[in-house]
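One file, upload.pdb, is given below (PDB, C-alpha atoms, pLDDT in the B column).
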```
ATOM      1  CA  MET Y   1     -61.075 116.043 -76.608  1.00 44.00           C
ATOM      2  CA  LEU Y   2     -61.245 117.702 -73.220  1.00 48.00           C
ATOM      3  CA  HIS Y   3     -58.496 118.129 -70.607  1.00 46.00           C
ATOM      4  CA  GLU Y   4     -58.498 120.433 -67.644  1.00 47.00           C
ATOM      5  CA  ARG Y   5     -56.197 121.968 -65.082  1.00 44.00           C
ATOM      6  CA  ASN Y   6     -57.168 124.216 -62.195  1.00 44.00           C
ATOM      7  CA  THR Y   7     -54.894 126.562 -60.297  1.00 43.00           C
ATOM      8  CA  ARG Y   8     -55.622 129.100 -57.598  1.00 44.00           C
ATOM      9  CA  MET Y   9     -54.030 132.517 -57.939  1.00 43.00           C
ATOM     10  CA  GLU Y  10     -52.056 133.139 -54.767  1.00 43.00           C
ATOM     11  CA  GLU Y  11     -51.828 136.659 -53.389  1.00 38.00           C
ATOM     12  CA  GLY Y  12     -48.697 138.258 -54.771  1.00 36.00           C
ATOM     13  CA  GLN Y  13     -47.970 135.296 -57.064  1.00 40.00           C
ATOM     14  CA  LYS Y  14     -47.987 137.378 -60.212  1.00 37.00           C
ATOM     15  CA  THR Y  15     -45.422 139.828 -58.860  1.00 35.00           C
ATOM     16  CA  LYS Y  16     -42.840 137.032 -59.232  1.00 46.00           C
ATOM     17  CA  ASP Y  17     -43.978 136.238 -62.754  1.00 66.00           C
ATOM     18  CA  GLU Y  18     -41.525 137.618 -65.316  1.00 73.00           C
ATOM     19  CA  THR Y  19     -44.234 137.797 -67.963  1.00 78.00           C
ATOM     20  CA  PHE Y  20     -46.450 139.875 -65.685  1.00 78.00           C
ATOM     21  CA  ASP Y  21     -43.585 142.230 -64.865  1.00 82.00           C
ATOM     22  CA  ARG Y  22     -42.672 142.585 -68.544  1.00 84.00           C
ATOM     23  CA  ILE Y  23     -46.227 143.232 -69.739  1.00 80.00           C
ATOM     24  CA  TYR Y  24     -47.167 145.636 -66.941  1.00 81.00           C
ATOM     25  CA  LYS Y  25     -43.824 147.379 -66.393  1.00 86.00           C
ATOM     26  CA  HIS Y  26     -45.197 150.763 -67.541  1.00 89.00           C
ATOM     27  CA  VAL Y  27     -48.409 150.518 -65.518  1.00 85.00           C
ATOM     28  CA  PRO Y  28     -48.463 152.609 -62.328  1.00 89.00           C
ATOM     29  CA  SER Y  29     -47.734 150.511 -59.246  1.00 89.00           C
ATOM     30  CA  ALA Y  30     -51.151 151.226 -57.668  1.00 89.00           C
ATOM     31  CA  GLN Y  31     -52.911 149.779 -60.713  1.00 85.00           C
ATOM     32  CA  ARG Y  32     -50.550 146.789 -60.762  1.00 85.00           C
ATOM     33  CA  GLU Y  33     -51.411 146.101 -57.111  1.00 87.00           C
ATOM     34  CA  GLN Y  34     -55.148 146.318 -57.889  1.00 84.00           C
ATOM     35  CA  LEU Y  35     -54.689 143.804 -60.699  1.00 81.00           C
ATOM     36  CA  ILE Y  36     -52.788 141.468 -58.390  1.00 84.00           C
ATOM     37  CA  GLU Y  37     -55.555 141.846 -55.794  1.00 84.00           C
ATOM     38  CA  SER Y  38     -58.223 141.044 -58.387  1.00 80.00           C
ATOM     39  CA  ARG Y  39     -56.330 137.964 -59.549  1.00 79.00           C
ATOM     40  CA  SER Y  40     -56.059 136.721 -55.946  1.00 83.00           C
ATOM     41  CA  THR Y  41     -59.867 136.326 -55.787  1.00 83.00           C
ATOM     42  CA  GLN Y  42     -60.020 134.271 -58.979  1.00 87.00           C
ATOM     43  CA  THR Y  43     -59.484 130.619 -59.711  1.00 90.00           C
ATOM     44  CA  CYS Y  44     -57.608 130.173 -62.967  1.00 89.00           C
ATOM     45  CA  LYS Y  45     -58.682 127.148 -64.969  1.00 94.00           C
ATOM     46  CA  LYS Y  46     -57.338 125.686 -68.172  1.00 94.00           C
ATOM     47  CA  ILE Y  47     -59.167 123.364 -70.469  1.00 94.00           C
ATOM     48  CA  ILE Y  48     -58.220 121.884 -73.833  1.00 94.00           C
ATOM     49  CA  VAL Y  49     -61.011 121.737 -76.379  1.00 94.00           C
ATOM     50  CA  ASP Y  50     -60.225 120.259 -79.800  1.00 92.00           C
ATOM     51  CA  ASN Y  51     -56.465 120.695 -79.235  1.00 93.00           C
ATOM     52  CA  HIS Y  52     -56.824 124.372 -78.272  1.00 94.00           C
ATOM     53  CA  THR Y  53     -56.003 125.553 -74.762  1.00 94.00           C
ATOM     54  CA  TRP Y  54     -58.553 127.845 -73.149  1.00 94.00           C
ATOM     55  CA  GLU Y  55     -57.787 129.750 -69.968  1.00 92.00           C
ATOM     56  CA  TYR Y  56     -60.573 131.231 -67.922  1.00 93.00           C
ATOM     57  CA  PHE Y  57     -61.085 132.723 -64.497  1.00 90.00           C
ATOM     58  CA  VAL Y  58     -63.864 132.005 -62.017  1.00 94.00           C
ATOM     59  CA  SER Y  59     -64.692 134.472 -59.263  1.00 94.00           C
ATOM     60  CA  GLY Y  60     -67.627 135.471 -57.120  1.00 93.00           C
ATOM     61  CA  SER Y  61     -69.915 133.014 -55.421  1.00 86.00           C
ATOM     62  CA  GLU Y  62     -73.416 134.072 -56.286  1.00 86.00           C
ATOM     63  CA  GLU Y  63     -75.953 131.731 -57.889  1.00 91.00           C
ATOM     64  CA  ARG Y  64     -76.335 133.729 -61.103  1.00 95.00           C
ATOM     65  CA  THR Y  65     -73.462 133.366 -63.618  1.00 97.00           C
ATOM     66  CA  LEU Y  66     -72.156 136.175 -65.789  1.00 94.00           C
ATOM     67  CA  LEU Y  67     -69.929 135.183 -68.695  1.00 95.00           C
ATOM     68  CA  VAL Y  68     -67.533 138.010 -69.619  1.00 93.00           C
ATOM     69  CA  LEU Y  69     -66.248 137.970 -73.204  1.00 93.00           C
ATOM     70  CA  PRO Y  70     -63.414 140.481 -73.705  1.00 89.00           C
ATOM     71  CA  GLY Y  71     -62.448 142.252 -76.908  1.00 83.00           C
ATOM     72  CA  GLY Y  72     -59.701 141.744 -79.455  1.00 72.00           C
ATOM     73  CA  THR Y  73     -56.901 141.442 -76.914  1.00 70.00           C
ATOM     74  CA  ARG Y  74     -58.517 138.089 -76.062  1.00 63.00           C
ATOM     75  CA  ARG Y  75     -57.812 138.692 -72.357  1.00 70.00           C
ATOM     76  CA  PRO Y  76     -60.086 140.037 -69.591  1.00 72.00           C
ATOM     77  CA  PHE Y  77     -57.382 141.898 -67.680  1.00 68.00           C
ATOM     78  CA  LEU Y  78     -58.179 145.289 -69.208  1.00 70.00           C
ATOM     79  CA  ILE Y  79     -61.533 145.248 -67.427  1.00 79.00           C
ATOM     80  CA  PHE Y  80     -60.364 143.780 -64.116  1.00 81.00           C
ATOM     81  CA  ARG Y  81     -61.946 146.612 -62.091  1.00 82.00           C
ATOM     82  CA  LEU Y  82     -65.320 145.919 -63.692  1.00 86.00           C
ATOM     83  CA  ILE Y  83     -64.923 142.216 -62.945  1.00 88.00           C
ATOM     84  CA  MET Y  84     -64.101 142.999 -59.303  1.00 87.00           C
ATOM     85  CA  GLU Y  85     -67.403 144.871 -58.994  1.00 89.00           C
ATOM     86  CA  LEU Y  86     -69.382 142.237 -60.894  1.00 92.00           C
ATOM     87  CA  GLU Y  87     -68.122 139.382 -58.748  1.00 91.00           C
ATOM     88  CA  LYS Y  88     -69.906 140.964 -55.772  1.00 92.00           C
ATOM     89  CA  LYS Y  89     -73.260 140.140 -57.390  1.00 94.00           C
ATOM     90  CA  PHE Y  90     -72.476 137.296 -59.803  1.00 96.00           C
ATOM     91  CA  ARG Y  91     -70.418 134.212 -60.249  1.00 96.00           C
ATOM     92  CA  VAL Y  92     -68.150 135.550 -63.007  1.00 92.00           C
ATOM     93  CA  LEU Y  93     -66.517 133.478 -65.727  1.00 95.00           C
ATOM     94  CA  SER Y  94     -64.026 135.638 -67.629  1.00 93.00           C
ATOM     95  CA  LEU Y  95     -62.385 134.065 -70.648  1.00 91.00           C
ATOM     96  CA  THR Y  96     -59.068 134.272 -72.436  1.00 88.00           C
ATOM     97  CA  TYR Y  97     -59.513 133.062 -75.998  1.00 86.00           C
ATOM     98  CA  PRO Y  98     -57.062 130.877 -77.865  1.00 89.00           C
ATOM     99  CA  ARG Y  99     -56.053 131.990 -81.363  1.00 86.00           C
ATOM    100  CA  LEU Y 100     -58.773 130.506 -83.547  1.00 88.00           C
ATOM    101  CA  SER Y 101     -59.677 131.361 -87.119  1.00 84.00           C
ATOM    102  CA  LYS Y 102     -63.334 130.277 -87.056  1.00 90.00           C
ATOM    103  CA  MET Y 103     -66.142 131.738 -85.002  1.00 90.00           C
ATOM    104  CA  GLU Y 104     -67.708 128.277 -84.661  1.00 93.00           C
ATOM    105  CA  LEU Y 105     -64.639 127.080 -82.740  1.00 94.00           C
ATOM    106  CA  LEU Y 106     -64.931 129.999 -80.320  1.00 94.00           C
ATOM    107  CA  VAL Y 107     -68.643 129.350 -79.789  1.00 96.00           C
ATOM    108  CA  GLU Y 108     -68.136 125.624 -79.203  1.00 96.00           C
ATOM    109  CA  GLY Y 109     -65.241 126.274 -76.818  1.00 96.00           C
ATOM    110  CA  ILE Y 110     -67.438 128.586 -74.750  1.00 97.00           C
ATOM    111  CA  ALA Y 111     -70.238 126.011 -74.724  1.00 97.00           C
ATOM    112  CA  THR Y 112     -67.771 123.392 -73.468  1.00 97.00           C
ATOM    113  CA  ILE Y 113     -66.578 125.679 -70.658  1.00 97.00           C
ATOM    114  CA  LEU Y 114     -70.165 126.369 -69.584  1.00 97.00           C
ATOM    115  CA  GLU Y 115     -70.870 122.620 -69.555  1.00 97.00           C
ATOM    116  CA  LYS Y 116     -67.741 121.947 -67.508  1.00 96.00           C
ATOM    117  CA  GLU Y 117     -68.762 124.622 -65.001  1.00 96.00           C
ATOM    118  CA  GLY Y 118     -72.314 123.251 -64.759  1.00 96.00           C
ATOM    119  CA  VAL Y 119     -73.844 126.426 -66.183  1.00 97.00           C
ATOM    120  CA  HIS Y 120     -77.051 125.777 -68.134  1.00 97.00           C
ATOM    121  CA  ARG Y 121     -77.950 129.454 -68.640  1.00 97.00           C
ATOM    122  CA  ALA Y 122     -75.790 132.519 -68.197  1.00 97.00           C
ATOM    123  CA  ASP Y 123     -75.973 136.252 -68.530  1.00 97.00           C
ATOM    124  CA  MET Y 124     -73.414 137.368 -71.120  1.00 96.00           C
ATOM    125  CA  LEU Y 125     -71.354 140.549 -71.355  1.00 93.00           C
ATOM    126  CA  GLY Y 126     -69.605 140.960 -74.706  1.00 92.00           C
ATOM    127  CA  ILE Y 127     -67.236 143.866 -75.204  1.00 89.00           C
ATOM    128  CA  SER Y 128     -65.972 144.850 -78.659  1.00 87.00           C
ATOM    129  CA  PHE Y 129     -64.952 141.623 -80.426  1.00 88.00           C
ATOM    130  CA  GLY Y 130     -66.456 139.730 -77.475  1.00 90.00           C
ATOM    131  CA  GLY Y 131     -69.803 141.241 -78.494  1.00 90.00           C
ATOM    132  CA  PHE Y 132     -69.569 139.525 -81.871  1.00 89.00           C
ATOM    133  CA  ILE Y 133     -68.770 136.243 -80.167  1.00 92.00           C
ATOM    134  CA  ALA Y 134     -71.678 136.711 -77.739  1.00 93.00           C
ATOM    135  CA  GLN Y 135     -74.098 137.311 -80.614  1.00 91.00           C
ATOM    136  CA  CYS Y 136     -72.846 134.238 -82.459  1.00 92.00           C
ATOM    137  CA  PHE Y 137     -73.218 132.217 -79.260  1.00 96.00           C
ATOM    138  CA  LEU Y 138     -76.770 133.530 -78.850  1.00 94.00           C
ATOM    139  CA  HIS Y 139     -77.636 132.522 -82.437  1.00 92.00           C
ATOM    140  CA  ARG Y 140     -76.272 129.008 -81.856  1.00 96.00           C
ATOM    141  CA  TYR Y 141     -77.456 128.471 -78.256  1.00 97.00           C
ATOM    142  CA  PRO Y 142     -80.369 130.849 -77.501  1.00 96.00           C
ATOM    143  CA  GLU Y 143     -81.587 128.585 -74.698  1.00 97.00           C
ATOM    144  CA  ARG Y 144     -78.278 129.056 -72.824  1.00 98.00           C
ATOM    145  CA  VAL Y 145     -78.404 132.879 -72.656  1.00 97.00           C
ATOM    146  CA  SER Y 146     -80.470 134.578 -69.937  1.00 96.00           C
ATOM    147  CA  SER Y 147     -79.554 138.109 -70.987  1.00 96.00           C
ATOM    148  CA  LEU Y 148     -77.102 139.756 -73.346  1.00 93.00           C
ATOM    149  CA  ILE Y 149     -75.187 142.958 -72.678  1.00 91.00           C
ATOM    150  CA  LEU Y 150     -73.176 144.375 -75.587  1.00 90.00           C
ATOM    151  CA  GLY Y 151     -70.629 147.153 -75.338  1.00 86.00           C
ATOM    152  CA  ASN Y 152     -68.679 148.900 -78.110  1.00 82.00           C
ATOM    153  CA  THR Y 153     -69.509 146.267 -80.690  1.00 80.00           C
ATOM    154  CA  GLY Y 154     -71.251 145.836 -84.013  1.00 73.00           C
ATOM    155  CA  THR Y 155     -73.934 143.425 -85.050  1.00 68.00           C
ATOM    156  CA  THR Y 156     -73.742 140.117 -86.800  1.00 63.00           C
ATOM    157  CA  SER Y 157     -75.225 139.892 -90.262  1.00 60.00           C
ATOM    158  CA  LYS Y 158     -75.650 137.318 -92.975  1.00 60.00           C
ATOM    159  CA  GLU Y 159     -74.683 139.800 -95.667  1.00 57.00           C
ATOM    160  CA  LYS Y 160     -71.747 138.538 -97.717  1.00 60.00           C
ATOM    161  CA  ASP Y 161     -69.669 141.715 -97.315  1.00 65.00           C
ATOM    162  CA  PHE Y 162     -70.088 141.784 -93.548  1.00 61.00           C
ATOM    163  CA  THR Y 163     -69.281 138.088 -93.190  1.00 64.00           C
ATOM    164  CA  ARG Y 164     -66.217 138.443 -95.410  1.00 71.00           C
ATOM    165  CA  VAL Y 165     -64.913 141.415 -93.401  1.00 70.00           C
ATOM    166  CA  LEU Y 166     -65.543 139.597 -90.099  1.00 67.00           C
ATOM    167  CA  LYS Y 167     -63.643 136.542 -91.362  1.00 71.00           C
ATOM    168  CA  ILE Y 168     -60.716 138.738 -92.397  1.00 76.00           C
ATOM    169  CA  LYS Y 169     -60.656 140.478 -88.987  1.00 71.00           C
ATOM    170  CA  LEU Y 170     -60.825 137.140 -87.177  1.00 69.00           C
ATOM    171  CA  PHE Y 171     -57.971 135.788 -89.297  1.00 74.00           C
ATOM    172  CA  ILE Y 172     -55.832 138.870 -88.618  1.00 74.00           C
ATOM    173  CA  LEU Y 173     -56.498 138.625 -84.861  1.00 69.00           C
ATOM    174  CA  SER Y 174     -55.561 134.940 -84.916  1.00 71.00           C
ATOM    175  CA  ILE Y 175     -52.122 135.555 -86.455  1.00 77.00           C
ATOM    176  CA  LEU Y 176     -51.053 138.759 -84.710  1.00 73.00           C
ATOM    177  CA  PRO Y 177     -48.809 138.348 -81.663  1.00 78.00           C
ATOM    178  CA  SER Y 178     -50.584 139.242 -78.414  1.00 72.00           C
ATOM    179  CA  PHE Y 179     -48.221 142.132 -77.636  1.00 74.00           C
ATOM    180  CA  LEU Y 180     -49.047 143.734 -81.005  1.00 73.00           C
ATOM    181  CA  VAL Y 181     -52.806 143.376 -80.447  1.00 67.00           C
ATOM    182  CA  ARG Y 182     -52.417 145.048 -77.024  1.00 68.00           C
ATOM    183  CA  PHE Y 183     -50.296 147.817 -78.564  1.00 70.00           C
ATOM    184  CA  LEU Y 184     -52.781 148.478 -81.375  1.00 64.00           C
ATOM    185  CA  THR Y 185     -55.789 148.539 -79.039  1.00 60.00           C
ATOM    186  CA  ASN Y 186     -54.289 150.861 -76.428  1.00 57.00           C
TER     187      ASN Y 186
END
```

Structure re-expressed in structure tokens:
Amino acid sequence: MLHERNTRMEEGQKTKDETFDRIYKHVPSAQREQLIESRSTQTCKKIIVDNHTWEYFVSGSEERTLLVLPGGTRRPFLIFRLIMELEKKFRVLSLTYPRLSKMELLVEGIATILEKEGVHRADMLGISFGGFIAQCFLHRYPERVSSLILGNTGTTSKEKDFTRVLKIKLFILSILPSFLVRFLTN
């Protein structure tokens, strides 16, 4: 099942957002303004895949697409400065993951987003946990990946111990509240 909703981030819109103010209240004002500026260049889209809501951001206007897969916080905002630079040379899709307990659901959700955006092949940047997801996506859909960039991540493996540990980590990430994940990763 697939539903979608598009919204455009308006300049300054997030300054009125109580959630934004609460989450970023301890961030220096100059950095908050840079984040607001970066969000103003992005189109926020929401799509429901198999009863799970995905939020992702589209920016840049180049022909080549770069899919950015963030780490365990499941949100791309920690690397907004990098995204601002990348959108000068790429069409950037940066994802926010829903809480899912199976890697297959993450991979299929990403494939659905790429289909919706008309992207047949993309360059992928996977950071930390996003690197695991990128590798799993590559294993499932090698024809859809032009290049793969991994940062601060491990490798996937078919070894039972590795798979068991990855499943446990994925389960823990799926049940932890977002604020706790951000706290633990800062």

Exercise. List the residues selected by the PyMOL selection byres ((chain Y and resi 151) around 10) in the file shown, writing them as a list of chain:residue names.
Key: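 Answer for the PyMOL selection byres ((chain Y and resi 151) around 10): Y:Pro70, Y:Gly71, Y:Leu125, Y:Gly126, Y:Ile127, Y:Ser128, Y:Phe129, Y:Gly130, Y:Gly131, Y:Ile149, Y:Leu150, Y:Asn152, Y:Thr153, Y:Gly154.
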
I need the residue set behind the PyMOL selection byres ((chain Y and resi 91) around 7) for this file; please write it as a compact mmCIF listing (two decimals) with C-alpha atoms, in the coordinates of the input.
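Everything below was put into out-v3.txt:
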```
# COMPACT_ATOMS: atom_id res chain seq x y z
CA SER Y 59 -64.69 134.47 -59.26
CA GLY Y 60 -67.63 135.47 -57.12
CA SER Y 61 -69.92 133.01 -55.42
CA GLU Y 62 -73.42 134.07 -56.29
CA GLU Y 63 -75.95 131.73 -57.89
CA ARG Y 64 -76.33 133.73 -61.10
CA THR Y 65 -73.46 133.37 -63.62
CA LEU Y 66 -72.16 136.18 -65.79
CA GLU Y 87 -68.12 139.38 -58.75
CA PHE Y 90 -72.48 137.30 -59.80
CA VAL Y 92 -68.15 135.55 -63.01
CA LEU Y 93 -66.52 133.48 -65.73
```

Self-check item: the PyMOL selection byres ((chain Y and resi 49) around 12) applied to the shown file, residues as a PyMOL selection string
Solution: chain Y and resi 1-4+46-48+50-55+97-98+100+105-113+116

Exercise. Select, from Y:Phe80, Y:Met103, Y:Lys88, Y:Thr96, the residue with the minimum atom-to-atom distance to Glu37 (chain Y), counting only C-alpha atoms.
Key: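 Once distances to Glu37 (chain Y) are computed over only C-alpha atoms, the minimum belongs to Y:Phe80.
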
Practice problem: Counting only C-alpha atoms, figure out which residue out of Y:Phe179, Y:Val27, Y:Val145, Y:Leu95 gets nearest to Thr43 (chain Y). | Solution: Y:Leu95

Self-check item: Interatomic distance, CA of Gln42 (chain Y) to CA of Val58 (chain Y) (Å, one decimal)
Solution: 5.4 Å

Exercise. Tell me which of Y:Leu148, Y:Glu33, Y:Ser101, Y:Arg121 sits closest to Ala134 (chain Y), counting all atoms listed in the file.
Key: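 Checking each of Y:Leu148, Y:Glu33, Y:Ser101, Y:Arg121 against Ala134 (chain Y), counting all atoms listed in the file, the winner is Y:Leu148.
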
Self-check item: Coordinates-based distance that separates CA of His120 (chain Y) from CA of Gly72 (chain Y) (Å, one decimal)
Solution: 26.2 Å

Self-check item: Residue with smallest distance to Ser178 (chain Y) - pool Y:Leu67, Y:Phe137, Y:Lys45, Y:Arg75, counting only C-alpha atoms
Solution: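 The shortest atom-to-atom distance to Ser178 (chain Y) comes from Y:Arg75.
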
Quiz prompt | Separation of CA of Cys44 (chain Y) from CA of Ile133 (chain Y), in Å and rounded to one decimal | solution = 21.4 Å

Quiz item: For Leu176 (chain Y), which residue among Y:Gln31, Y:Leu69, Y:Arg99, Y:Phe132 is the nearest when counting all atoms listed in the file?
Solution: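 Checking each of Y:Gln31, Y:Leu69, Y:Arg99, Y:Phe132 against Leu176 (chain Y), counting all atoms listed in the file, the winner is Y:Arg99.
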
Self-check item: Nearest residue to Glu115 (chain Y) from the set Y:His26, Y:Lys167, Y:Arg144, Y:Arg32 (distances using all atoms listed in the file)
Solution: Y:Arg144

Return as JSON the box centre and box size in Å, one decimal, for an axis-aligned box around all listed atoms of region 131-139 of chain Y padded by 6 Å per side.
```
{"center_x": -73.2, "center_y": 136.7, "center_z": -80.1, "size_x": 20.9, "size_y": 21.0, "size_z": 16.7}
```
